[in-house]
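Coordinates from work.cif are shown below (mmCIF, C-alpha atoms and all ligand atoms).
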```
data_upload
loop_
_atom_site.group_PDB
_atom_site.id
_atom_site.type_symbol
_atom_site.label_atom_id
_atom_site.label_comp_id
_atom_site.auth_asym_id
_atom_site.auth_seq_id
_atom_site.Cartn_x
_atom_site.Cartn_y
_atom_site.Cartn_z
ATOM 1 C CA MET A 1 13.254 5.637 16.609
ATOM 2 C CA SER A 2 13.910 2.011 17.527
ATOM 3 C CA LEU A 3 15.757 1.139 20.720
ATOM 4 C CA GLN A 4 17.927 -1.383 18.827
ATOM 5 C CA THR A 5 19.590 -1.543 15.422
ATOM 6 C CA THR A 6 18.014 -3.850 12.858
ATOM 7 C CA GLU A 7 21.042 -6.162 13.206
ATOM 8 C CA ALA A 8 20.466 -6.385 16.957
ATOM 9 C CA ILE A 9 16.767 -7.118 16.396
ATOM 10 C CA TYR A 10 17.641 -9.941 13.950
ATOM 11 C CA SER A 11 19.969 -11.427 16.551
ATOM 12 C CA ASN A 12 17.040 -11.707 18.972
ATOM 13 C CA LEU A 13 14.773 -13.590 16.572
ATOM 14 C CA ALA A 14 14.142 -17.293 16.164
ATOM 15 C CA ILE A 15 13.536 -16.798 12.420
ATOM 16 C CA ASP A 16 16.185 -15.866 9.866
ATOM 17 C CA SER A 17 16.539 -12.274 8.671
ATOM 18 C CA GLU A 18 15.028 -13.013 5.206
ATOM 19 C CA THR A 19 11.918 -14.419 6.863
ATOM 20 C CA ALA A 20 11.740 -11.446 9.250
ATOM 21 C CA ASP A 21 11.968 -9.107 6.236
ATOM 22 C CA LYS A 22 9.305 -11.028 4.315
ATOM 23 C CA LEU A 23 6.853 -11.100 7.211
ATOM 24 C CA PHE A 24 7.596 -7.737 8.846
ATOM 25 C CA PHE A 25 10.305 -5.251 7.853
ATOM 26 C CA GLU A 26 9.880 -5.340 4.066
ATOM 27 C CA ALA A 27 6.270 -6.488 3.945
ATOM 28 C CA ARG A 28 4.025 -3.822 2.446
ATOM 29 C CA THR A 29 0.385 -3.138 1.743
ATOM 30 C CA ALA A 30 -0.142 -3.529 -2.024
ATOM 31 C CA ASN A 31 -2.323 -0.989 -3.816
ATOM 32 C CA THR A 32 -2.035 -2.397 -7.340
ATOM 33 C CA PHE A 33 -1.769 -6.007 -8.492
ATOM 34 C CA SER A 34 -0.250 -7.954 -11.355
ATOM 35 C CA THR A 35 -2.365 -10.408 -13.347
ATOM 36 C CA GLU A 36 -0.422 -13.392 -11.905
ATOM 37 C CA ALA A 37 -3.030 -15.866 -10.637
ATOM 38 C CA VAL A 38 -3.096 -17.061 -7.030
ATOM 39 C CA SER A 39 -3.463 -20.840 -6.861
ATOM 40 C CA GLU A 40 -6.200 -22.643 -4.968
ATOM 41 C CA GLU A 41 -3.445 -24.399 -2.993
ATOM 42 C CA ALA A 42 -2.034 -21.039 -1.880
ATOM 43 C CA LEU A 43 -5.478 -19.941 -0.655
ATOM 44 C CA GLU A 44 -5.821 -23.217 1.249
ATOM 45 C CA ALA A 45 -2.357 -22.765 2.783
ATOM 46 C CA ILE A 46 -3.307 -19.248 3.900
ATOM 47 C CA TYR A 47 -6.291 -20.595 5.834
ATOM 48 C CA GLU A 48 -4.267 -23.470 7.328
ATOM 49 C CA LEU A 49 -1.827 -20.906 8.805
ATOM 50 C CA THR A 50 -4.533 -18.425 9.814
ATOM 51 C CA LYS A 51 -6.499 -20.972 11.831
ATOM 52 C CA MET A 52 -3.502 -21.750 14.071
ATOM 53 C CA GLY A 53 -3.523 -18.314 15.725
ATOM 54 C CA PRO A 54 -4.927 -18.236 19.270
ATOM 55 C CA THR A 55 -8.469 -17.022 20.006
ATOM 56 C CA MET A 56 -10.621 -16.854 23.138
ATOM 57 C CA MET A 57 -11.632 -20.399 24.134
ATOM 58 C CA ASN A 58 -10.306 -21.362 20.678
ATOM 59 C CA ASN A 59 -13.562 -19.908 19.284
ATOM 60 C CA GLN A 60 -12.276 -18.908 15.794
ATOM 61 C CA PRO A 61 -15.164 -16.609 14.753
ATOM 62 C CA LEU A 62 -13.485 -15.490 11.487
ATOM 63 C CA ARG A 63 -15.300 -16.533 8.312
ATOM 64 C CA ILE A 64 -13.521 -16.016 4.981
ATOM 65 C CA THR A 65 -15.358 -15.672 1.683
ATOM 66 C CA TRP A 66 -13.060 -16.029 -1.348
ATOM 67 C CA VAL A 67 -14.842 -14.176 -4.116
ATOM 68 C CA LYS A 68 -14.318 -16.009 -7.406
ATOM 69 C CA SER A 69 -17.464 -15.124 -9.318
ATOM 70 C CA PRO A 70 -16.970 -11.936 -11.427
ATOM 71 C CA GLU A 71 -20.619 -10.975 -10.866
ATOM 72 C CA ILE A 72 -20.307 -11.250 -7.082
ATOM 73 C CA ARG A 73 -17.002 -9.358 -7.150
ATOM 74 C CA GLU A 74 -18.707 -6.482 -8.967
ATOM 75 C CA ALA A 75 -21.624 -6.540 -6.550
ATOM 76 C CA VAL A 76 -19.202 -6.398 -3.560
ATOM 77 C CA VAL A 77 -17.123 -3.625 -5.160
ATOM 78 C CA ALA A 78 -20.268 -1.529 -5.675
ATOM 79 C CA HIS A 79 -20.416 -1.137 -1.862
ATOM 80 C CA MET A 80 -16.828 0.161 -1.605
ATOM 81 C CA LEU A 81 -15.525 3.700 -1.403
ATOM 82 C CA GLU A 82 -14.644 4.966 -4.875
ATOM 83 C CA GLY A 83 -10.860 4.981 -4.159
ATOM 84 C CA ASN A 84 -10.872 1.311 -3.192
ATOM 85 C CA ARG A 85 -12.797 -0.111 -6.126
ATOM 86 C CA ALA A 86 -10.047 -0.546 -8.752
ATOM 87 C CA LYS A 87 -7.841 -2.467 -6.286
ATOM 88 C CA SER A 88 -10.533 -5.035 -5.566
ATOM 89 C CA LEU A 89 -11.532 -5.334 -9.220
ATOM 90 C CA ASP A 90 -7.885 -6.053 -10.177
ATOM 91 C CA ALA A 91 -6.724 -8.240 -7.253
ATOM 92 C CA PRO A 92 -6.155 -11.862 -8.381
ATOM 93 C CA ALA A 93 -7.769 -13.075 -5.143
ATOM 94 C CA LEU A 94 -10.348 -11.250 -3.061
ATOM 95 C CA ALA A 95 -11.196 -12.214 0.514
ATOM 96 C CA VAL A 96 -14.178 -10.839 2.400
ATOM 97 C CA LEU A 97 -13.619 -11.301 6.131
ATOM 98 C CA SER A 98 -16.666 -11.640 8.367
ATOM 99 C CA TYR A 99 -17.248 -12.482 12.002
ATOM 100 C CA ASP A 100 -19.813 -15.115 12.950
ATOM 101 C CA ALA A 101 -21.965 -13.672 15.755
ATOM 102 C CA ASN A 102 -23.214 -17.228 16.389
ATOM 103 C CA TRP A 103 -19.734 -18.727 16.722
ATOM 104 C CA HIS A 104 -20.943 -20.632 19.814
ATOM 105 C CA GLU A 105 -22.810 -23.052 17.530
ATOM 106 C CA GLN A 106 -19.444 -24.655 16.689
ATOM 107 C CA PHE A 107 -18.590 -25.158 20.361
ATOM 108 C CA ALA A 108 -18.395 -28.956 20.196
ATOM 109 C CA GLU A 109 -15.929 -28.681 17.283
ATOM 110 C CA PHE A 110 -13.549 -26.085 18.783
ATOM 111 C CA PHE A 111 -13.891 -26.957 22.506
ATOM 112 C CA PRO A 112 -14.582 -30.720 22.495
ATOM 113 C CA HIS A 113 -13.388 -31.340 26.060
ATOM 114 C CA ALA A 114 -16.120 -29.083 27.553
ATOM 115 C CA PRO A 115 -18.909 -28.533 25.009
ATOM 116 C CA GLU A 116 -21.418 -27.754 27.785
ATOM 117 C CA ARG A 117 -19.748 -24.343 28.199
ATOM 118 C CA LYS A 118 -21.679 -23.252 25.105
ATOM 119 C CA ALA A 119 -24.576 -22.571 27.500
ATOM 120 C CA MET A 120 -22.650 -19.564 28.880
ATOM 121 C CA PHE A 121 -23.225 -17.802 25.558
ATOM 122 C CA ASP A 122 -26.667 -19.086 24.499
ATOM 123 C CA ASP A 123 -28.693 -16.147 25.857
ATOM 124 C CA ASP A 124 -26.261 -13.277 25.477
ATOM 125 C CA ALA A 125 -26.204 -12.190 21.856
ATOM 126 C CA VAL A 126 -24.612 -8.839 22.766
ATOM 127 C CA SER A 127 -21.454 -10.197 24.380
ATOM 128 C CA ARG A 128 -21.356 -13.003 21.802
ATOM 129 C CA ALA A 129 -21.157 -10.417 19.010
ATOM 130 C CA GLU A 130 -18.536 -8.415 20.909
ATOM 131 C CA ILE A 131 -16.403 -11.525 21.437
ATOM 132 C CA ALA A 132 -16.887 -12.458 17.781
ATOM 133 C CA LYS A 133 -15.684 -9.043 16.575
ATOM 134 C CA ASN A 134 -12.641 -8.920 18.849
ATOM 135 C CA ASN A 135 -11.450 -12.397 18.011
ATOM 136 C CA ALA A 136 -12.177 -12.176 14.283
ATOM 137 C CA TRP A 137 -10.119 -8.943 14.126
ATOM 138 C CA LEU A 138 -7.325 -10.804 15.876
ATOM 139 C CA GLN A 139 -7.612 -13.573 13.285
ATOM 140 C CA ALA A 140 -7.565 -10.975 10.489
ATOM 141 C CA GLY A 141 -4.063 -10.057 11.689
ATOM 142 C CA TYR A 142 -3.041 -13.701 11.483
ATOM 143 C CA PHE A 143 -4.616 -13.806 8.001
ATOM 144 C CA ILE A 144 -2.495 -10.893 6.738
ATOM 145 C CA MET A 145 0.646 -12.553 8.115
ATOM 146 C CA ALA A 146 -0.386 -15.860 6.494
ATOM 147 C CA VAL A 147 -0.736 -14.110 3.113
ATOM 148 C CA ARG A 148 2.811 -12.790 3.552
ATOM 149 C CA ALA A 149 4.092 -16.218 4.578
ATOM 150 C CA ALA A 150 2.625 -17.599 1.345
ATOM 151 C CA GLY A 151 4.863 -15.157 -0.566
ATOM 152 C CA LEU A 152 1.918 -12.927 -1.486
ATOM 153 C CA TYR A 153 0.876 -9.371 -0.678
ATOM 154 C CA ALA A 154 -2.256 -8.280 1.166
ATOM 155 C CA GLY A 155 -4.225 -5.082 0.768
ATOM 156 C CA PRO A 156 -6.568 -4.920 3.753
ATOM 157 C CA MET A 157 -9.404 -2.401 3.483
ATOM 158 C CA GLY A 158 -12.098 -1.020 5.744
ATOM 159 C CA GLY A 159 -13.489 1.540 3.323
ATOM 160 C CA PHE A 160 -16.804 -0.053 2.352
ATOM 161 C CA ASN A 161 -20.405 -0.319 3.511
ATOM 162 C CA PRO A 162 -20.542 -3.523 5.612
ATOM 163 C CA ALA A 163 -24.351 -3.821 5.447
ATOM 164 C CA GLY A 164 -24.156 -3.544 1.669
ATOM 165 C CA VAL A 165 -21.487 -6.250 1.387
ATOM 166 C CA ASP A 166 -23.491 -8.431 3.807
ATOM 167 C CA SER A 167 -26.490 -8.124 1.485
ATOM 168 C CA VAL A 168 -24.327 -9.658 -1.284
ATOM 169 C CA ILE A 169 -22.562 -12.499 0.558
ATOM 170 C CA ASN A 170 -23.998 -12.965 4.061
ATOM 171 C CA GLU A 171 -27.758 -12.782 3.522
ATOM 172 C CA GLY A 172 -29.727 -14.894 6.031
ATOM 173 C CA THR A 173 -26.704 -15.649 8.272
ATOM 174 C CA ALA A 174 -25.213 -14.215 11.486
ATOM 175 C CA HIS A 175 -22.006 -13.405 9.576
ATOM 176 C CA HIS A 176 -21.021 -9.727 9.385
ATOM 177 C CA THR A 177 -18.377 -8.301 7.051
ATOM 178 C CA PHE A 178 -15.645 -6.244 8.730
ATOM 179 C CA MET A 179 -12.665 -6.238 6.345
ATOM 180 C CA ILE A 180 -11.932 -6.890 2.683
ATOM 181 C CA VAL A 181 -8.446 -8.061 1.704
ATOM 182 C CA ASN A 182 -7.009 -7.894 -1.808
ATOM 183 C CA VAL A 183 -4.432 -10.651 -2.332
ATOM 184 C CA GLY A 184 -1.849 -11.152 -5.059
ATOM 185 C CA THR A 185 1.542 -9.966 -6.274
ATOM 186 C CA PRO A 186 2.220 -6.250 -6.756
ATOM 187 C CA GLY A 187 1.500 -4.514 -10.062
ATOM 188 C CA GLU A 188 2.784 -1.124 -11.270
ATOM 189 C CA ASN A 189 3.468 1.559 -8.626
ATOM 190 C CA PRO A 190 2.044 -0.650 -5.883
ATOM 191 C CA TRP A 191 3.225 1.252 -2.799
ATOM 192 C CA PHE A 192 2.150 4.400 -1.057
ATOM 193 C CA ASP A 193 4.985 6.060 0.873
ATOM 194 C CA ARG A 194 5.862 4.007 3.938
ATOM 195 C CA LEU A 195 4.267 5.731 6.926
ATOM 196 C CA PRO A 196 6.215 6.044 10.185
ATOM 197 C CA ARG A 197 5.672 3.477 12.928
ATOM 198 C CA LEU A 198 5.446 4.538 16.548
ATOM 199 C CA SER A 199 8.621 4.265 18.572
ATOM 200 C CA ALA A 200 8.913 1.801 21.429
ATOM 201 C CA GLU A 201 9.198 4.819 23.737
ATOM 202 C CA THR A 202 5.711 5.957 22.656
ATOM 203 C CA ALA A 203 3.985 2.604 22.373
ATOM 204 C CA THR A 204 5.440 0.555 25.220
ATOM 205 C CA LYS A 205 6.219 1.001 28.879
ATOM 206 C CA THR A 206 7.793 -1.147 31.531
ATOM 207 C CA VAL A 207 6.376 -1.076 35.004
HETATM 208 C C1 LIG B 301 -8.135 -2.508 8.992
HETATM 209 C C2 LIG B 301 -7.496 -1.792 7.844
HETATM 210 C C3 LIG B 301 -8.270 -0.979 7.037
HETATM 211 C C4 LIG B 301 -7.691 -0.338 5.928
HETATM 212 N N1 LIG B 301 -8.497 0.352 5.061
HETATM 213 C C5 LIG B 301 -7.984 0.822 3.901
HETATM 214 C C6 LIG B 301 -8.838 1.366 2.894
HETATM 215 O O1 LIG B 301 -10.060 1.440 3.026
HETATM 216 N N2 LIG B 301 -8.247 1.798 1.737
HETATM 217 C C7 LIG B 301 -6.899 1.726 1.536
HETATM 218 O O2 LIG B 301 -6.430 2.120 0.456
HETATM 219 N N3 LIG B 301 -6.061 1.191 2.482
HETATM 220 C C8 LIG B 301 -6.576 0.736 3.641
HETATM 221 N N4 LIG B 301 -5.742 0.148 4.577
HETATM 222 C C9 LIG B 301 -4.289 0.071 4.308
HETATM 223 C C10 LIG B 301 -3.430 0.839 5.328
HETATM 224 O O3 LIG B 301 -3.478 2.221 5.095
HETATM 225 C C11 LIG B 301 -1.998 0.305 5.230
HETATM 226 O O4 LIG B 301 -2.025 -1.074 5.507
HETATM 227 C C12 LIG B 301 -1.046 0.984 6.216
HETATM 228 O O5 LIG B 301 -0.891 2.338 5.894
HETATM 229 C C13 LIG B 301 0.329 0.314 6.242
HETATM 230 O O6 LIG B 301 0.923 0.309 4.966
HETATM 231 P P1 LIG B 301 2.305 -0.514 4.704
HETATM 232 O O7 LIG B 301 1.986 -1.949 5.036
HETATM 233 O O8 LIG B 301 2.594 -0.337 3.251
HETATM 234 O O9 LIG B 301 3.320 0.081 5.593
HETATM 235 C C14 LIG B 301 -6.297 -0.482 5.687
HETATM 236 C C15 LIG B 301 -5.529 -1.311 6.512
HETATM 237 C C16 LIG B 301 -6.117 -1.979 7.565
HETATM 238 C C17 LIG B 301 -5.277 -2.926 8.382
#
```

Before anything else, please render the file you have as structure tokens.
Ligand SMILES: Cc1cc2nc3c(=O)[nH]c(=O)nc-3n(C[C@H](O)[C@H](O)[C@H](O)COP(=O)(O)O)c2cc1C
Amino acid sequence: MSLQTTEAIYSNLAIDSETADKLFFEARTANTFSTEAVSEEALEAIYELTKMGPTMMNNQPLRITWVKSPEIREAVVAHMLEGNRAKSLDAPALAVLSYDANWHEQFAEFFPHAPERKAMFDDDAVSRAEIAKNNAWLQAGYFIMAVRAAGLYAGPMGGFNPAGVDSVINEGTAHHTFMIVNVGTPGENPWFDRLPRLSAETATKTV
């Protein structure tokens, strides 16, 4: 149960109720997709929104691979759980999200006022990878919201073999796949039943 009515929640927002519905209350995870194409401009807009979300030291370790080639799509899908394959074969746009374990190599670009701080991370591949994972997951959340803001629907998925997908798209790099997101507009019977969200009483406390 929510502590406030939906009307009361709307009245506390700085965005209008239609936008709140589009981004949050009525936004859903799509499980089937129509054949309507997603434009290149929409994909670019999604990244331009995604990149604005905050990350540690502005490090932005998320790397997005838009899979356009049918052969590569099939090779990626071969590493998915059976129940996920049809969604990614049908989605008009397919994004493979990876984290760059060597994100510190871009230090001068994302932290230009103090590039020497890169040295803090040069010899510690373990914490570098940990930081990469945490911040790329954070950016994946921004990515899903950006898809919604572009008027599209996202189907994020973790049911695949990351090493297998890496062998298709990340060979010879320090990039590691952690999520695959189907993107498009919903097809027939696109929704599973909406699952309950935790109440504020369960998920929050005030001290
Ligand atoms: C990180 C992550 C991994 C997920 N993995 C899968 C998956 O492998 N297969 C699948 O069908 N759905 C997967 N989902 C979809 C979730 O089950 C779905 O987003 C959640 O139940 C909320 O659905 P709703 O947005 O329609 O309320 C995943 C979602 C996230 C965010």

Minimum-distance residue to ligand LIG 301 (chain B), chosen among A:Thr185, A:Ser167, A:Ser11, A:Asn84 (using all atoms listed in the file):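 That would be A:Asn84, the residue with the smallest distance to ligand LIG 301 (chain B).
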
Using only C-alpha atoms and all ligand atoms, which residues have at least one atom no more than 8 Å from ligand LIG 301 (chain B)? Output them as a ChimeraX atom specification. /A:27-31,81,83-84,141,155-160,179,191-195

Have a look at A:Met56, A:Ala8, A:Ala42, A:Ala37 and name the one nearest to Gln139 of chain A; count all atoms listed in the file. A:Met56

What would the selection look like, as a PyMOL selection string, if the PyMOL selection byres (((chain A and resi 22) around 10) and not hetatm) were run on the coordinates I just shared? chain A and resi 17-21+23-28+145+148-153

Spatial neighbours of Ala163 of chain A, max dist 8 Å, only C-alpha atoms, sep filter under 3 positions, as a list in words: Asp166, Ser167, His176 and Thr177 of chain A

Would you compute an axis-aligned box for segment 16-30 of chain A, covering every atom listed for it in the file with 4 Å of margin on each side, and report centre and edge lengths in Å to one decimal as lines of an AutoDock Vina configuration file?
```
center_x = 8.2
center_y = -9.5
center_z = 3.9
size_x = 24.7
size_y = 20.7
size_z = 19.9
```

Report the distance between atom CA of Thr32 of chain A and atom CA of Trp66 of chain A in Å, rounded to one decimal place.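 These atoms are spaced 18.5 Å apart.
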
List the neighbours of Asn102 of chain A out to 12 Å using all atoms listed in the file; skip same-chain residues closer than 5 positions along the sequence, and give me the result as a ChimeraX atom specification. /A:59-63,107,118,121-133,173-176

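Between atom CA of Glu201 of chain A and atom CA of Glu7 of chain A there is a distance of 19.3 Å.
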
Applied to this file, what does the PyMOL selection byres (((chain A and resi 95) around 7) and not hetatm) return in terms of residues, put as a list in words? Ile64, Thr65, Trp66, Val67, Ala93, Leu94, Val96, Leu97, Ile180, Val181 and Asn182 of chain A

Selection to disk with C-alpha atoms, as an mmCIF file, in the frame of the given file:
```cif
data_model
loop_
_atom_site.group_PDB
_atom_site.id
_atom_site.type_symbol
_atom_site.label_atom_id
_atom_site.label_comp_id
_atom_site.auth_asym_id
_atom_site.auth_seq_id
_atom_site.Cartn_x
_atom_site.Cartn_y
_atom_site.Cartn_z
ATOM 1 C CA ILE A 64 -13.521 -16.016 4.981
ATOM 2 C CA THR A 65 -15.358 -15.672 1.683
ATOM 3 C CA TRP A 66 -13.060 -16.029 -1.348
ATOM 4 C CA VAL A 67 -14.842 -14.176 -4.116
ATOM 5 C CA ALA A 93 -7.769 -13.075 -5.143
ATOM 6 C CA LEU A 94 -10.348 -11.250 -3.061
ATOM 7 C CA VAL A 96 -14.178 -10.839 2.400
ATOM 8 C CA LEU A 97 -13.619 -11.301 6.131
ATOM 9 C CA ILE A 180 -11.932 -6.890 2.683
ATOM 10 C CA VAL A 181 -8.446 -8.061 1.704
ATOM 11 C CA ASN A 182 -7.009 -7.894 -1.808
#
```

One number please: atom CA of Pro70 of chain A to atom CA of Pro162 of chain A, in Å, one decimal. 19.3 Å

Using all atoms listed in the file, pick whichever of A:Ala119, A:Val165, A:Ile9, A:Ala136 has the shortest atom-to-atom distance to Ala78 of chain A.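 When distances to Ala78 of chain A are compared using all atoms listed in the file, the smallest one comes from A:Val165.
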